[in-house]
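Trainee: Before I ask anything, here is the structure I am working with.
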Amino acid sequence: MVSKTITPALPDKIITGKEAGLVLCAECYKVHRYIPDAEQECRCCGAELYQRKPDSINRTWAFLIASMILYIPVNTMMIMNVAYFGTDEPSTIMGGVILLLQMGSHAVAFVVFVASVLVPLFKMIGIMLILFSLKYKVNMTDRQRIKMFRFIEFIGRWSMLDIFVVSILAALVHITGVAEITAGPAATAFGTVVVLTMLAASSFDTRLLWDYKRKNYKNIELNQEPAAD
Amino acid sequence: MQVVVTGRSQVINSRILLCHECDLLIENQEICETCKVQCPRCGHVLYKQKHNTISRSLAYALTALICFYPAVTQPIMILEMLGLSQQQSLISGSLILLREKYYVVAILTFLSSCLVPLFRLLLLTYVTLSITLNYYHKSLIWSFRLFHEMEEWGMLEVYMLGIIVAVVKLLSMAEIQPGFGLWAYAALLLSSILATTALNPHEVWDALLDRKTREEPC
């Protein structure tokens, strides 16, 4: 059964739920009347109600900065050590990718490179760009910003790939004296980075992207009157 | 005036709609039940009709639960090297990392590839089974909320890719054989993906809140 897609017409006067004094329950999709300055719970499912996620921007910045700091040891320290007949061969994340290239498995090397190098970088830079776009003018349309954010949310979990690979290898290959693979400190750091970037994305409230634009519009109107704040 | 509108009825009966992602207020919208409805401003899908959603996701969730035990306890891969053989299952992998004192990695792996998916499947089975049997209990509401909240922390598919990458890395070193756990894991992955794609949360909320309002209006 293929269902028809309907896009309602954009109303002439754009009003958000916040401006209309309404609040949408993030869990069960019910619409309630918003009571200002009160802790409000959804009467239907008991979830906390808020028009915008509390402290969204500050929390996102905090998680983002923490993950950026941890990203340094991720790339400089070793993620796993391969002891093969007594010779140690520690490798970093990039080292692992290069090793896979040398082995001739280009497709897998590409997948690992995307998941553990490109994805975390893209995620951190993307979230930062979106946060900056709330303060400064960035040459992006609203649709582009929301699409970028949805993409960031979608790809985030895939960077766990390297953590899983390390844990599988460490479990499978531990024949003492012959071949032994152990995890390195970068694995811990990398796991934390992935969790932190996921938390950063989930604490960001997408509705702020549209609020900002309206605030700007208001500023334009206000600027015509002197002494407006 | 009291404005309380539910998931499906929010779209079908009511005059007020709020977009989840951009908070746009859409009023007086006539919408058919079998359509997919998109927000005109940000493109977020507000509502999408799915066929037989509750019984289908119940069936897939039960299938996934059956596959779960072999998937985590049976060896996923068997490595042979110089006549020695070594096995690895999902649980043994996490245990070895714990013994090597990589607590963060071990716990993260165990949570995202085993515990969270199991918990979500149990919650989904509980909710869909209760709706099918027309049973209602207060705990259903938070069960479904929890199911929704844990969504991004279950990473079965990423672990599957991890298995493939690990195999490629080991090919030059030793001989590798797939274990029974691998097939069970693949089946678990497939059925749990199908369970979540078949699920329409709006319809589940409608069914749950319908039963709830019989006891106390909300």
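By order in the structure tokens, chains are A, B, ...; within a chain, residues start at 1; ligands start at 1, following the order shown.
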Find the residues near Asn134 (chain B): any atom within 10 Å, counting only C-alpha atoms, skip ones fewer than 6 places away on the same chain, and give them as a ChimeraX atom specification.

Mentor: /B:128,207-208,211

Trainee: Write the residues you've just listed into a file as a compact mmCIF listing (two decimals), in the first residue's frame, and include C-alpha atoms for each of them.

Mentor:
```txt
# COMPACT_ATOMS: atom_id res chain seq x y z
CA THR B 128 2.05 -4.64 21.41
CA ALA B 207 -4.54 2.66 21.43
CA LEU B 208 -2.82 3.18 24.78
CA ARG B 211 -7.62 2.58 27.09
```

Trainee: Find the residues around region 192-203 of chain A up to 6 Å (only C-alpha atoms counted), leave out those fewer than 6 positions away in its own chain, and share them as a CSV table (one decimal) with N, CA, C and O atoms, in the first residue's frame.

Mentor:
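Dumped everything to around14.csv:
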```
chain,number,residue,atom,x,y,z
A,56,SER,N,19.2,24.2,26.1
A,56,SER,CA,19.6,23.4,25.0
A,56,SER,C,21.0,23.8,24.4
A,56,SER,O,21.9,23.0,24.2
A,60,THR,N,24.5,21.6,24.6
A,60,THR,CA,25.1,21.2,23.4
A,60,THR,C,26.5,21.6,23.3
A,60,THR,O,27.4,20.8,23.0
A,63,PHE,N,28.7,19.4,25.7
A,63,PHE,CA,29.0,18.1,25.2
A,63,PHE,C,30.0,18.2,24.0
A,63,PHE,O,30.9,17.4,23.9
A,64,LEU,N,29.8,19.2,23.2
A,64,LEU,CA,30.6,19.4,22.0
A,64,LEU,C,32.1,19.6,22.4
A,64,LEU,O,33.0,19.0,21.8
A,67,SER,N,33.8,16.6,23.8
A,67,SER,CA,34.1,15.6,22.8
A,67,SER,C,35.3,16.1,22.0
A,67,SER,O,36.1,15.3,21.5
```

Trainee: Env of region 152-158 of chain A: 6 Å cut, atoms = only C-alpha atoms, seq-sep filter 5 positions within chain, self excluded. Answer as a PyMOL selection string.

Mentor: (chain A and resi 115+123) or (chain B and resi 158)

Trainee: So how far away is CA of Lys4 (chain A) from CA of Lys36 (chain B), in Å?

Mentor: 5.9 Å

Trainee: At a cut-off of 6 Å, which residues of chain A touch chain B? Count only C-alpha atoms and give the answer as a list of chain:residue names.

Mentor: A:Ser3, A:Lys4, A:Thr5, A:Ile6, A:Thr7, A:Pro8, A:Leu10, A:Ile15, A:Thr16, A:Gly17, A:Tyr29, A:Lys30, A:Val31, A:His32, A:Arg43, A:Cys44, A:Cys45, A:Trp158, A:Leu161, A:Phe164, A:Val165, A:Ala171, A:Leu172, A:Thr188, A:Thr206, A:Arg207

Trainee: With distances taken over only C-alpha atoms, which of A:Ile57, A:Ala183, A:Met103, A:Leu209 is nearest to Met77 (chain A)?

Mentor: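 Comparing A:Ile57, A:Ala183, A:Met103, A:Leu209 against Met77 (chain A), the winner is A:Ala183.
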
Trainee: Looking only at the backbone, which of the residues in region 73-115 of chain A does DSSP tag as strand (DSSP E), as a list in words?

Mentor: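 Selection result, strand (DSSP E) within region 73-115 of chain A: Met80, Asn81, Val82, Ala83, Tyr84, Thr87, Asp88, Glu89, Pro90 and Ser91 of chain A.
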
Trainee: Go ahead and write the selection's residues with C-alpha atoms as a PDB file, in the first residue's frame.

Mentor:
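Printed below is selection26.pdb as written:
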```pdb
ATOM      1  CA  MET A  80      44.787  -1.560  19.701  1.00  0.00           C
ATOM      2  CA  ASN A  81      47.931  -3.592  19.935  1.00  0.00           C
ATOM      3  CA  VAL A  82      48.547  -6.668  17.819  1.00  0.00           C
ATOM      4  CA  ALA A  83      51.156  -8.999  19.309  1.00  0.00           C
ATOM      5  CA  TYR A  84      52.046 -11.514  16.629  1.00  0.00           C
ATOM      6  CA  THR A  87      56.379  -8.636  18.108  1.00  0.00           C
ATOM      7  CA  ASP A  88      54.149  -5.809  19.216  1.00  0.00           C
ATOM      8  CA  GLU A  89      52.377  -3.771  16.587  1.00  0.00           C
ATOM      9  CA  PRO A  90      50.437  -0.924  18.149  1.00  0.00           C
ATOM     10  CA  SER A  91      48.171   1.005  15.796  1.00  0.00           C
TER      11      SER A  91
END
```

Trainee: Go through A:Ala38, A:Ile175, A:Leu134, A:Ile93 one by one, measure the shortest atom-to-atom distance of each to Val112 (chain A) using only C-alpha atoms, and give the residue with the smallest value.

Mentor: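 Among A:Ala38, A:Ile175, A:Leu134, A:Ile93, it is A:Ile93 that comes nearest to Val112 (chain A).
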
Trainee: Distance CA of Gly86 (chain A)-CA of Thr182 (chain A), one decimal place?

Mentor: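 Taking CA of Gly86 (chain A) and CA of Thr182 (chain A), their separation equals 13.4 Å.
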
Trainee: Mind checking which residues fall within 12 Å of Ile193 (chain B), counting only C-alpha atoms, ignoring those fewer than 5 positions away in the same chain, and posting them as a list in words?

Mentor: Ser57, Tyr60, Ala61, Thr63, Ala64, Pro117, Arg120, Leu121, Glu151, Gly154, Met155, Leu156, Glu157, Ala186, Ala187, Leu188, Ala198 and Leu199 of chain B

Trainee: Generate a file of the selected residues that holds N, CA and C atoms, formatted as a short mmCIF file (atom, residue, chain, number, x, y, z; two decimals), in the first residue's frame.

Mentor:
```cif
data_model
loop_
_atom_site.label_atom_id
_atom_site.label_comp_id
_atom_site.auth_asym_id
_atom_site.auth_seq_id
_atom_site.Cartn_x
_atom_site.Cartn_y
_atom_site.Cartn_z
N SER B 57 4.38 -5.66 14.10
CA SER B 57 5.59 -5.46 14.91
C SER B 57 5.64 -6.44 16.07
N TYR B 60 7.26 -9.58 14.56
CA TYR B 60 8.71 -9.42 14.36
C TYR B 60 9.45 -9.37 15.69
N ALA B 61 8.86 -8.71 16.68
CA ALA B 61 9.53 -8.61 17.97
C ALA B 61 9.67 -9.99 18.62
N THR B 63 9.85 -12.86 17.00
CA THR B 63 10.89 -13.55 16.25
C THR B 63 12.27 -13.13 16.74
N ALA B 64 12.43 -11.83 16.92
CA ALA B 64 13.73 -11.31 17.35
C ALA B 64 14.09 -11.85 18.73
N PRO B 117 19.16 -3.43 23.08
CA PRO B 117 18.24 -4.10 22.13
C PRO B 117 17.32 -5.10 22.81
N ARG B 120 14.63 -3.19 24.72
CA ARG B 120 13.67 -2.57 23.81
C ARG B 120 12.72 -3.62 23.23
N LEU B 121 13.26 -4.77 22.89
CA LEU B 121 12.40 -5.82 22.34
C LEU B 121 11.38 -6.29 23.37
N GLU B 151 15.92 4.53 21.72
CA GLU B 151 16.05 4.17 20.31
C GLU B 151 17.47 4.26 19.77
N GLY B 154 20.54 1.56 20.88
CA GLY B 154 20.66 0.17 20.44
C GLY B 154 21.35 0.15 19.09
N MET B 155 22.45 -0.57 18.99
CA MET B 155 23.25 -0.47 17.76
C MET B 155 23.54 -1.83 17.16
N LEU B 156 22.52 -2.64 16.98
CA LEU B 156 22.73 -3.97 16.42
C LEU B 156 23.40 -3.91 15.05
N GLU B 157 22.94 -2.99 14.20
CA GLU B 157 23.43 -2.97 12.81
C GLU B 157 24.88 -2.52 12.75
N ALA B 186 22.35 -12.32 12.72
CA ALA B 186 21.80 -11.72 11.50
C ALA B 186 20.28 -11.76 11.52
N ALA B 187 19.72 -12.88 11.98
CA ALA B 187 18.26 -13.00 12.04
C ALA B 187 17.69 -12.02 13.06
N LEU B 188 18.38 -11.89 14.18
CA LEU B 188 17.95 -10.94 15.21
C LEU B 188 17.93 -9.53 14.66
N ALA B 198 7.90 -1.53 11.04
CA ALA B 198 6.47 -1.81 10.95
C ALA B 198 5.68 -0.99 11.95
N LEU B 199 6.38 -0.47 12.96
CA LEU B 199 5.69 0.18 14.06
C LEU B 199 5.31 1.62 13.73
#
```

Trainee: Would you give me, as a PyMOL selection string, the residues in region 11-214 of chain B that DSSP reads as helix (DSSP H, G or I)?

Mentor: chain B and resi 11-12+53-73+90-99+103-132+139-149+151-153+156-170+180-198+201-214

Trainee: Counting only C-alpha atoms, figure out which residue out of A:Leu49, A:Phe85, A:Glu39, A:Ala109 gets nearest to His174 (chain A).

Mentor: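 For His174 (chain A), the nearest of the candidates is A:Phe85.
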
Trainee: Using Å and a single decimal, report how far CA of Val127 (chain B) sits from CA of Ser139 (chain B).

Mentor: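 Between CA of Ser139 (chain B) and CA of Val127 (chain B) the gap works out to 9.3 Å.
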